[in-house]
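K.L.:
Got a structure for you, protein_13.cif, holding mmCIF, C-alpha atoms.
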```cif
data_my_file
loop_
_atom_site.label_atom_id
_atom_site.label_comp_id
_atom_site.auth_asym_id
_atom_site.auth_seq_id
_atom_site.Cartn_x
_atom_site.Cartn_y
_atom_site.Cartn_z
CA MET A 1 -40.54 -55.84 -13.77
CA LEU A 2 -41.93 -52.60 -12.38
CA LYS A 3 -42.56 -54.23 -9.01
CA PHE A 4 -38.96 -55.39 -8.88
CA ALA A 5 -37.68 -51.90 -9.75
CA ALA A 6 -39.91 -50.32 -7.10
CA ARG A 7 -38.70 -52.71 -4.40
CA LEU A 8 -35.07 -52.12 -5.36
CA LEU A 9 -35.66 -48.36 -5.23
CA ILE A 10 -37.12 -48.59 -1.72
CA LEU A 11 -34.23 -50.75 -0.51
CA ILE A 12 -31.51 -48.43 -1.80
CA ALA A 13 -33.35 -45.36 -0.50
CA THR A 14 -33.42 -46.82 3.03
CA LEU A 15 -29.74 -47.81 3.15
CA PRO A 16 -28.59 -44.44 4.58
CA LEU A 17 -31.14 -44.80 7.36
CA LEU A 18 -30.01 -48.33 8.18
CA ALA A 19 -26.39 -47.18 8.24
CA ALA A 20 -27.02 -44.48 10.83
CA CYS A 21 -26.02 -45.93 14.20
CA GLY A 22 -27.12 -43.00 16.33
CA ARG A 23 -30.51 -41.53 17.08
CA GLY A 24 -31.96 -38.16 17.95
CA ILE A 25 -31.92 -36.77 21.45
CA SER A 26 -34.88 -37.07 23.85
CA PRO A 27 -36.71 -34.05 25.33
CA GLN A 28 -34.90 -34.63 28.63
CA GLN A 29 -31.50 -34.74 26.94
CA ASP A 30 -32.39 -31.58 25.04
CA SER A 31 -33.28 -29.90 28.34
CA ASP A 32 -29.98 -31.03 29.92
CA LEU A 33 -27.95 -29.57 27.07
CA ARG A 34 -29.81 -26.26 27.02
CA ALA A 35 -29.28 -25.99 30.78
CA VAL A 36 -25.52 -26.04 30.23
CA TYR A 37 -25.78 -23.00 27.95
CA ASP A 38 -28.03 -21.25 30.48
CA ARG A 39 -25.33 -21.78 33.10
CA MET A 40 -22.80 -20.29 30.70
CA ARG A 41 -25.07 -17.24 30.32
CA ALA A 42 -25.29 -16.98 34.09
CA ASN A 43 -21.46 -17.15 34.31
CA ASP A 44 -21.57 -20.32 36.43
CA LEU A 45 -18.21 -21.45 35.11
CA ALA A 46 -17.18 -23.13 38.35
CA GLY A 47 -20.30 -25.30 38.31
CA ILE A 48 -19.68 -26.31 34.72
CA GLU A 49 -16.05 -27.21 35.47
CA ALA A 50 -17.14 -29.30 38.44
CA GLN A 51 -19.56 -31.28 36.23
CA PHE A 52 -17.05 -31.96 33.47
CA THR A 53 -16.18 -35.57 32.68
CA PRO A 54 -12.67 -36.02 34.18
CA GLN A 55 -11.13 -37.49 31.03
CA PHE A 56 -12.25 -34.44 28.99
CA LYS A 57 -11.18 -31.78 31.52
CA ARG A 58 -8.19 -29.96 30.02
CA PRO A 59 -5.81 -27.70 32.00
CA ASP A 60 -6.99 -24.64 30.06
CA LEU A 61 -10.70 -25.44 30.55
CA HIS A 62 -11.44 -22.44 32.78
CA GLN A 63 -9.70 -20.03 30.43
CA GLY A 64 -11.61 -21.42 27.45
CA LEU A 65 -14.97 -21.24 29.22
CA SER A 66 -14.29 -17.67 30.31
CA PHE A 67 -13.41 -16.64 26.75
CA MET A 68 -16.57 -18.24 25.32
CA GLN A 69 -18.76 -16.74 28.02
CA GLY A 70 -17.70 -13.31 26.76
CA MET A 71 -19.35 -14.09 23.41
CA ILE A 72 -22.84 -14.22 24.91
CA PRO A 73 -24.83 -10.97 24.65
CA PRO A 74 -26.97 -9.93 27.63
CA ASP A 75 -30.37 -9.90 25.84
CA LYS A 76 -32.68 -12.91 25.57
CA PRO A 77 -32.09 -15.07 22.47
CA ALA A 78 -34.32 -17.09 20.18
CA VAL A 79 -32.98 -20.65 20.23
CA SER A 80 -33.30 -23.41 17.66
CA LEU A 81 -31.98 -26.96 17.67
CA LEU A 82 -29.88 -27.57 14.56
CA LYS A 83 -28.85 -31.18 15.12
CA GLY A 84 -28.91 -33.69 17.97
CA LEU A 85 -27.42 -37.14 18.37
CA SER A 86 -27.48 -39.82 21.07
CA GLU A 87 -25.52 -43.07 21.03
CA ALA A 88 -24.29 -45.79 23.33
CA GLY A 89 -21.05 -45.02 25.14
CA PRO A 90 -18.58 -47.19 27.08
CA ASP A 91 -19.58 -49.29 30.12
CA GLY A 92 -23.31 -48.89 29.63
CA SER A 93 -23.19 -45.09 29.42
CA THR A 94 -24.97 -42.87 26.89
CA ASP A 95 -23.26 -40.05 25.02
CA TYR A 96 -25.47 -37.31 23.63
CA GLY A 97 -24.97 -33.86 22.23
CA ALA A 98 -26.51 -31.18 20.07
CA GLN A 99 -25.79 -28.05 18.09
CA TYR A 100 -27.93 -25.00 18.79
CA GLU A 101 -28.28 -21.59 17.24
CA TYR A 102 -28.95 -18.77 19.71
CA ASP A 103 -30.07 -15.70 17.77
CA TYR A 104 -29.64 -12.30 19.39
CA ARG A 105 -30.42 -8.88 17.94
CA SER A 106 -26.90 -8.25 16.66
CA THR A 107 -25.34 -11.69 16.36
CA ALA A 108 -25.83 -15.41 16.78
CA VAL A 109 -24.02 -17.86 19.03
CA LEU A 110 -23.56 -21.40 17.77
CA ALA A 111 -23.29 -23.82 20.68
CA GLN A 112 -22.01 -27.39 20.47
CA ILE A 113 -22.66 -29.13 23.80
CA GLU A 114 -22.02 -32.80 24.65
CA MET A 115 -22.83 -34.80 27.77
CA ARG A 116 -22.50 -38.34 29.10
CA GLN A 117 -24.91 -40.24 31.35
CA ASP A 118 -23.47 -43.35 33.04
CA LYS A 119 -25.46 -46.48 33.81
CA ALA A 120 -26.17 -45.15 37.33
CA GLY A 121 -27.79 -42.03 35.85
CA ARG A 122 -25.00 -39.55 36.73
CA LYS A 123 -24.63 -36.84 34.06
CA THR A 124 -21.39 -35.10 33.20
CA ILE A 125 -20.35 -32.58 30.55
CA SER A 126 -18.02 -33.79 27.81
CA ALA A 127 -17.61 -30.67 25.66
CA VAL A 128 -18.74 -27.06 25.34
CA GLN A 129 -17.90 -25.09 22.21
CA LEU A 130 -19.31 -21.64 21.39
CA ARG A 131 -18.64 -19.41 18.40
CA GLN A 132 -20.24 -16.29 17.03
CA ALA A 133 -21.90 -16.09 13.62
CA PRO A 134 -24.30 -13.82 11.72
CA ALA A 135 -27.85 -13.94 13.07
CA GLY A 136 -30.04 -16.50 11.28
CA ILE A 137 -27.01 -18.20 9.73
CA SER A 138 -28.69 -21.61 9.40
CA HIS A 139 -31.29 -20.16 7.02
CA ALA A 140 -28.52 -19.05 4.67
CA PHE A 141 -28.19 -22.71 3.67
CA ASP A 142 -31.89 -23.36 3.04
CA PHE A 143 -32.91 -24.62 -0.40
CA GLY A 144 -34.64 -21.95 -2.45
CA LEU A 145 -35.21 -20.92 -6.06
CA ALA A 146 -35.11 -17.14 -5.71
CA GLY A 147 -32.03 -15.15 -6.66
CA LYS A 148 -30.10 -17.96 -8.35
CA LYS A 149 -27.89 -17.73 -11.43
CA PRO A 150 -29.43 -18.70 -14.81
CA TYR A 151 -27.27 -21.81 -15.23
CA GLN A 152 -28.48 -23.10 -11.85
CA TYR A 153 -32.01 -23.33 -13.23
CA VAL A 154 -30.60 -25.11 -16.29
CA PHE A 155 -28.95 -27.57 -13.93
CA LEU A 156 -32.32 -28.31 -12.30
CA VAL A 157 -33.79 -29.05 -15.74
CA LEU A 158 -30.94 -31.50 -16.39
CA MET A 159 -31.67 -33.14 -13.06
CA LEU A 160 -35.28 -33.69 -14.13
CA MET A 161 -34.28 -35.06 -17.53
CA SER A 162 -32.00 -37.72 -16.08
CA PRO A 163 -34.67 -39.67 -14.13
CA ALA A 164 -37.16 -39.01 -16.94
CA PHE A 165 -34.97 -40.93 -19.38
CA GLY A 166 -34.32 -43.60 -16.76
CA VAL A 167 -38.00 -44.20 -16.04
CA TRP A 168 -38.84 -44.07 -19.75
CA GLY A 169 -36.18 -46.71 -20.40
CA LEU A 170 -37.58 -48.97 -17.66
CA TYR A 171 -41.09 -48.62 -19.07
CA ALA A 172 -39.85 -49.44 -22.57
CA LEU A 173 -37.99 -52.45 -21.16
CA TRP A 174 -41.18 -53.69 -19.52
CA ARG A 175 -42.99 -53.45 -22.88
CA ALA A 176 -40.26 -55.37 -24.71
CA ARG A 177 -41.86 -58.81 -24.33
CA ASP A 178 -39.38 -60.66 -26.55
CA LEU A 179 -36.19 -59.35 -24.93
CA LYS A 180 -33.94 -61.61 -22.87
CA TRP A 181 -31.78 -60.59 -19.93
CA LYS A 182 -34.32 -58.00 -18.72
CA PHE A 183 -33.03 -58.25 -15.16
CA PHE A 184 -29.52 -57.13 -16.15
CA TRP A 185 -30.87 -54.40 -18.40
CA ALA A 186 -32.97 -53.11 -15.49
CA LEU A 187 -29.98 -53.05 -13.14
CA ALA A 188 -27.95 -51.11 -15.70
CA MET A 189 -30.79 -48.65 -16.27
CA LEU A 190 -31.05 -47.92 -12.55
CA LEU A 191 -27.46 -46.64 -12.53
CA GLY A 192 -26.26 -43.18 -13.42
CA PHE A 193 -22.81 -42.81 -14.95
CA MET A 194 -20.56 -39.82 -14.29
CA ASP A 195 -21.55 -37.30 -11.68
CA LEU A 196 -22.18 -33.57 -11.98
CA THR A 197 -22.54 -31.98 -8.54
CA MET A 198 -23.55 -28.41 -7.77
CA ASP A 199 -23.20 -26.43 -4.57
CA TRP A 200 -26.67 -24.88 -4.63
CA ARG A 201 -25.65 -21.92 -2.48
CA THR A 202 -22.72 -20.74 -4.61
CA GLY A 203 -23.43 -22.43 -7.95
CA ASP A 204 -20.00 -24.09 -8.05
CA VAL A 205 -19.98 -27.28 -10.13
CA ILE A 206 -17.74 -30.35 -9.94
CA LEU A 207 -17.63 -33.09 -12.60
CA ASN A 208 -16.56 -36.53 -11.39
CA ILE A 209 -16.24 -38.83 -14.42
CA PRO A 210 -15.39 -42.21 -12.76
CA GLN A 211 -18.51 -42.18 -10.62
CA ILE A 212 -21.54 -44.48 -10.53
CA HIS A 213 -24.55 -44.06 -8.26
CA PRO A 214 -28.09 -45.45 -8.28
CA PHE A 215 -31.21 -43.68 -9.49
CA TRP A 216 -29.49 -40.96 -11.49
CA ILE A 217 -29.89 -38.02 -9.08
CA TYR A 218 -29.58 -37.22 -5.40
CA ALA A 219 -29.49 -34.29 -3.01
CA ARG A 220 -27.66 -34.23 0.29
CA LYS A 221 -26.75 -31.87 3.09
CA PHE A 222 -23.75 -32.72 5.25
CA GLY A 223 -24.98 -30.74 8.24
CA PRO A 224 -27.23 -27.88 9.33
CA LEU A 225 -24.57 -25.32 8.40
CA SER A 226 -23.61 -26.79 5.03
CA PRO A 227 -25.10 -26.11 1.59
CA TRP A 228 -27.30 -28.44 -0.39
CA MET A 229 -25.26 -30.50 -2.84
CA LEU A 230 -27.31 -31.52 -5.90
CA SER A 231 -26.03 -34.25 -8.20
CA THR A 232 -27.16 -35.60 -11.54
CA SER A 233 -25.74 -38.32 -13.75
CA LEU A 234 -26.20 -39.79 -17.20
CA PRO A 235 -28.59 -42.79 -17.58
CA VAL A 236 -26.43 -44.35 -20.30
CA ALA A 237 -28.11 -47.76 -20.36
CA ALA A 238 -31.61 -46.29 -20.59
CA ILE A 239 -30.66 -43.95 -23.44
CA ALA A 240 -28.83 -46.73 -25.29
CA PHE A 241 -31.86 -49.00 -24.98
CA LEU A 242 -34.28 -46.32 -26.17
CA LEU A 243 -32.11 -45.57 -29.20
CA GLY A 244 -31.19 -49.14 -30.06
CA TYR A 245 -34.26 -51.29 -29.52
CA ARG A 246 -36.09 -50.97 -32.88
CA ARG A 247 -39.24 -52.85 -31.94
CA LEU A 248 -40.42 -50.03 -29.67
CA ASP A 249 -42.77 -47.30 -30.80
CA ARG A 250 -41.01 -43.94 -30.55
CA PRO A 251 -42.40 -40.49 -31.36
CA TRP A 252 -39.88 -39.89 -34.15
CA ASP A 253 -40.45 -43.25 -35.94
CA GLY A 254 -43.71 -42.23 -37.61
CA LYS A 255 -46.59 -44.58 -38.35
CA LYS A 256 -45.85 -48.20 -39.06
CA LYS A 257 -46.83 -49.68 -42.41
CA ASP A 258 -49.61 -52.27 -42.41
#
```
So that I can check it, write out the structure of this file as structure tokens.
P.N.:
Amino acid sequence: MLKFAARLLILIATLPLLAACGRGISPQQDSDLRAVYDRMRANDLAGIEAQFTPQFKRPDLHQGLSFMQGMIPPDKPAVSLLKGLSEAGPDGSTDYGAQYEYDYRSTAVLAQIEMRQDKAGRKTISAVQLRQAPAGISHAFDFGLAGKKPYQYVFLVLMLMSPAFGVWGLYALWRARDLKWKFFWALAMLLGFMDLTMDWRTGDVILNIPQIHPFWIYARKFGPLSPWMLSTSLPVAAIAFLLGYRRLDRPWDGKKKD
């Protein structure tokens, strides 16, 4: 029973990875993308326009590049890769792009740069987007425990209680030797019912009643510049089993009579 539950847990945990069709960028692709920003810093707008993929070259491209070039401060930045993605494009080409944070003394520049390499190896630029932001903005969305509101810590305790009841229910089910339909009980116990989700950065909470998801809790981040979303749910089947199956030893039952 426990082996089955463990295998099912591993399978469901790997589903998001199997669903991802893209992959990270290579060191060479990373270098290509950073070089585009360096050319923006050097005000080589004509060279960037000449390398643009024809189908993505808009009439106002030069004006847009000139406006974005004015966002770049003159001092040397500290750069960090926020997210990169590479995937197969049309006709044997490869599309790849990344989002970077360039931190200067007074501001940060967020750069979204995309390129395409055809099957002959020719590289063109598909998109360049720059915008200013507060320096170190990506760290504002890091997960941390300091400086949170009291009810956010209560929410974390609830998140711990949900899988605790679920695992306790599975253990009790494994001990129930005389019970039939264990497989279906186990499937029900692995599900959380209702969904309470918190934006960890702001503390905002959303309750979604008609929601079912496996393994009671999860945490996700939609992107490098998005907050952590923490969710917990109610292990109804596990709690019902623990309360209703009288043959199990429970702390509040007291000692059995001989």
K.L.:
Take the PyMOL selection byres ((chain A and resi 221) around 12), apply it to the structure above, and return the hits as number ranges by chain.
P.N.:
A: 141-143, 198-201, 218-220, 222-231
K.L.:
Using the selection just defined, write its residues with C-alpha atoms as a PDB file, keeping the file's coordinate frame.
P.N.:
```
ATOM      1  CA  PHE A 141     -28.190 -22.710   3.670  1.00  0.00           C
ATOM      2  CA  ASP A 142     -31.890 -23.360   3.040  1.00  0.00           C
ATOM      3  CA  PHE A 143     -32.910 -24.620  -0.400  1.00  0.00           C
ATOM      4  CA  MET A 198     -23.550 -28.410  -7.770  1.00  0.00           C
ATOM      5  CA  ASP A 199     -23.200 -26.430  -4.570  1.00  0.00           C
ATOM      6  CA  TRP A 200     -26.670 -24.880  -4.630  1.00  0.00           C
ATOM      7  CA  ARG A 201     -25.650 -21.920  -2.480  1.00  0.00           C
ATOM      8  CA  TYR A 218     -29.580 -37.220  -5.400  1.00  0.00           C
ATOM      9  CA  ALA A 219     -29.490 -34.290  -3.010  1.00  0.00           C
ATOM     10  CA  ARG A 220     -27.660 -34.230   0.290  1.00  0.00           C
ATOM     11  CA  PHE A 222     -23.750 -32.720   5.250  1.00  0.00           C
ATOM     12  CA  GLY A 223     -24.980 -30.740   8.240  1.00  0.00           C
ATOM     13  CA  PRO A 224     -27.230 -27.880   9.330  1.00  0.00           C
ATOM     14  CA  LEU A 225     -24.570 -25.320   8.400  1.00  0.00           C
ATOM     15  CA  SER A 226     -23.610 -26.790   5.030  1.00  0.00           C
ATOM     16  CA  PRO A 227     -25.100 -26.110   1.590  1.00  0.00           C
ATOM     17  CA  TRP A 228     -27.300 -28.440  -0.390  1.00  0.00           C
ATOM     18  CA  MET A 229     -25.260 -30.500  -2.840  1.00  0.00           C
ATOM     19  CA  LEU A 230     -27.310 -31.520  -5.900  1.00  0.00           C
ATOM     20  CA  SER A 231     -26.030 -34.250  -8.200  1.00  0.00           C
TER      21      SER A 231
END
```
K.L.:
Please determine, counting all atoms listed in the file, which residue among A:Leu170, A:Leu145, A:Ala164, A:Ile72 has the shortest atom-to-atom distance to Lys182 of chain A.
P.N.:
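For Lys182 of chain A, the nearest of the candidates is A:Leu170.
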K.L.:
Contacts between segment 73-88 of chain A and segment 133-208 of chain A, please, where a residue of segment 133-208 of chain A counts if it comes within 12 Å (with all atoms listed in the file); show its shortest atom pair and distance in Å to one decimal, rows by chain and ascending number, as CSV.
P.N.:
```
residue,atom,partner,partner_atom,distance
A:Ala135,CA,A:Ala78,CA,10.1
A:Gly136,CA,A:Ala78,CA,9.9
A:Ile137,CA,A:Leu82,CA,10.9
A:Ser138,CA,A:Leu82,CA,8.0
A:His139,CA,A:Leu82,CA,10.7
```
K.L.:
Find the smallest box with edges along x, y and z containing every listed atom of segment 214-221 of chain A, then add 5 Å on each side and report centre and edge lengths in Å to one decimal, as lines of an AutoDock Vina configuration file.
P.N.:
```
center_x = -29.0
center_y = -38.7
center_z = -4.2
size_x = 14.5
size_y = 23.6
size_z = 24.6
```
K.L.:
Could you list the residues chosen by the PyMOL selection byres ((chain A and resi 235) around 12) in this structure as an MDAnalysis selection string?
P.N.:
chainID A and resid 158:170 185:195 212:217 232:234 236:242
K.L.:
Using the selection just defined, write its residues with C-alpha atoms as a tab-separated table (two decimals), in the frame of the given file.
P.N.:
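The resulting file, out-v7.tsv, is shown below:
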```
chain	number	residue	atom	x	y	z
A	158	LEU	CA	-30.94	-31.50	-16.39
A	159	MET	CA	-31.67	-33.14	-13.06
A	160	LEU	CA	-35.28	-33.69	-14.13
A	161	MET	CA	-34.28	-35.06	-17.53
A	162	SER	CA	-32.00	-37.72	-16.08
A	163	PRO	CA	-34.67	-39.67	-14.13
A	164	ALA	CA	-37.16	-39.01	-16.94
A	165	PHE	CA	-34.97	-40.93	-19.38
A	166	GLY	CA	-34.32	-43.60	-16.76
A	167	VAL	CA	-38.00	-44.20	-16.04
A	168	TRP	CA	-38.84	-44.07	-19.75
A	169	GLY	CA	-36.18	-46.71	-20.40
A	170	LEU	CA	-37.58	-48.97	-17.66
A	185	TRP	CA	-30.87	-54.40	-18.40
A	186	ALA	CA	-32.97	-53.11	-15.49
A	187	LEU	CA	-29.98	-53.05	-13.14
A	188	ALA	CA	-27.95	-51.11	-15.70
A	189	MET	CA	-30.79	-48.65	-16.27
A	190	LEU	CA	-31.05	-47.92	-12.55
A	191	LEU	CA	-27.46	-46.64	-12.53
A	192	GLY	CA	-26.26	-43.18	-13.42
A	193	PHE	CA	-22.81	-42.81	-14.95
A	194	MET	CA	-20.56	-39.82	-14.29
A	195	ASP	CA	-21.55	-37.30	-11.68
A	212	ILE	CA	-21.54	-44.48	-10.53
A	213	HIS	CA	-24.55	-44.06	-8.26
A	214	PRO	CA	-28.09	-45.45	-8.28
A	215	PHE	CA	-31.21	-43.68	-9.49
A	216	TRP	CA	-29.49	-40.96	-11.49
A	217	ILE	CA	-29.89	-38.02	-9.08
A	232	THR	CA	-27.16	-35.60	-11.54
A	233	SER	CA	-25.74	-38.32	-13.75
A	234	LEU	CA	-26.20	-39.79	-17.20
A	236	VAL	CA	-26.43	-44.35	-20.30
A	237	ALA	CA	-28.11	-47.76	-20.36
A	238	ALA	CA	-31.61	-46.29	-20.59
A	239	ILE	CA	-30.66	-43.95	-23.44
A	240	ALA	CA	-28.83	-46.73	-25.29
A	241	PHE	CA	-31.86	-49.00	-24.98
A	242	LEU	CA	-34.28	-46.32	-26.17
```
K.L.:
Counting all atoms listed in the file, figure out which residue out of A:Phe67, A:Val157, A:Lys149, A:His62 gets nearest to Thr202 of chain A.
P.N.:
A:Lys149
K.L.:
Just say which residues the PyMOL selection byres ((chain A and resi 40) around 10) picks in this file, as JSON, numbers by chain.
P.N.:
{"A": [34, 35, 36, 37, 38, 39, 41, 42, 43, 44, 45, 46, 47, 48, 65, 66, 68, 69, 70, 72, 128]}
K.L.:
With a distance cut-off of 7 Å and all atoms listed in the file, select the neighbouring residues of Gly92 of chain A, excluding the residue or stretch itself and same-chain residues fewer than 3 positions from it, and output the selection as a ChimeraX atom specification.
P.N.:
/A:89,118-119
K.L.:
Between atom CA of Arg23 of chain A and atom CA of Gln129 of chain A, measure the distance and give it in Å to one decimal.
P.N.:
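Interatomic distance, atom CA of Arg23 of chain A to atom CA of Gln129 of chain A: 21.3 Å.
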K.L.:
When you draw a straight line from atom CA of Ser26 of chain A to atom CA of Thr107 of chain A, how long is it in Å?
P.N.:
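These atoms are spaced 28.1 Å apart.
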K.L.:
Using all atoms listed in the file, which of the listed residues (A:Ser31, A:Thr94, A:Ser126, A:Pro134) sits closest to Ala50 of chain A?
P.N.:
A:Ser126
K.L.:
Mind pulling up the distance from atom CA of Gly203 of chain A to atom CA of Tyr151 of chain A?
P.N.:
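Between these atoms lies a distance of 8.3 Å.
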K.L.:
Find the residues near Gln51 of chain A: any atom within 9 Å, counting only C-alpha atoms, skip ones fewer than 6 places away on the same chain, and give them as a PyMOL selection string.
P.N.:
chain A and resi 123-126
K.L.:
Those residues you just picked out, can you put them in a file as a PDB file, in the frame of the given file with C-alpha atoms?
P.N.:
```pdb
ATOM      1  CA  LYS A 123     -24.630 -36.840  34.060  1.00  0.00           C
ATOM      2  CA  THR A 124     -21.390 -35.100  33.200  1.00  0.00           C
ATOM      3  CA  ILE A 125     -20.350 -32.580  30.550  1.00  0.00           C
ATOM      4  CA  SER A 126     -18.020 -33.790  27.810  1.00  0.00           C
TER       5      SER A 126
END
```
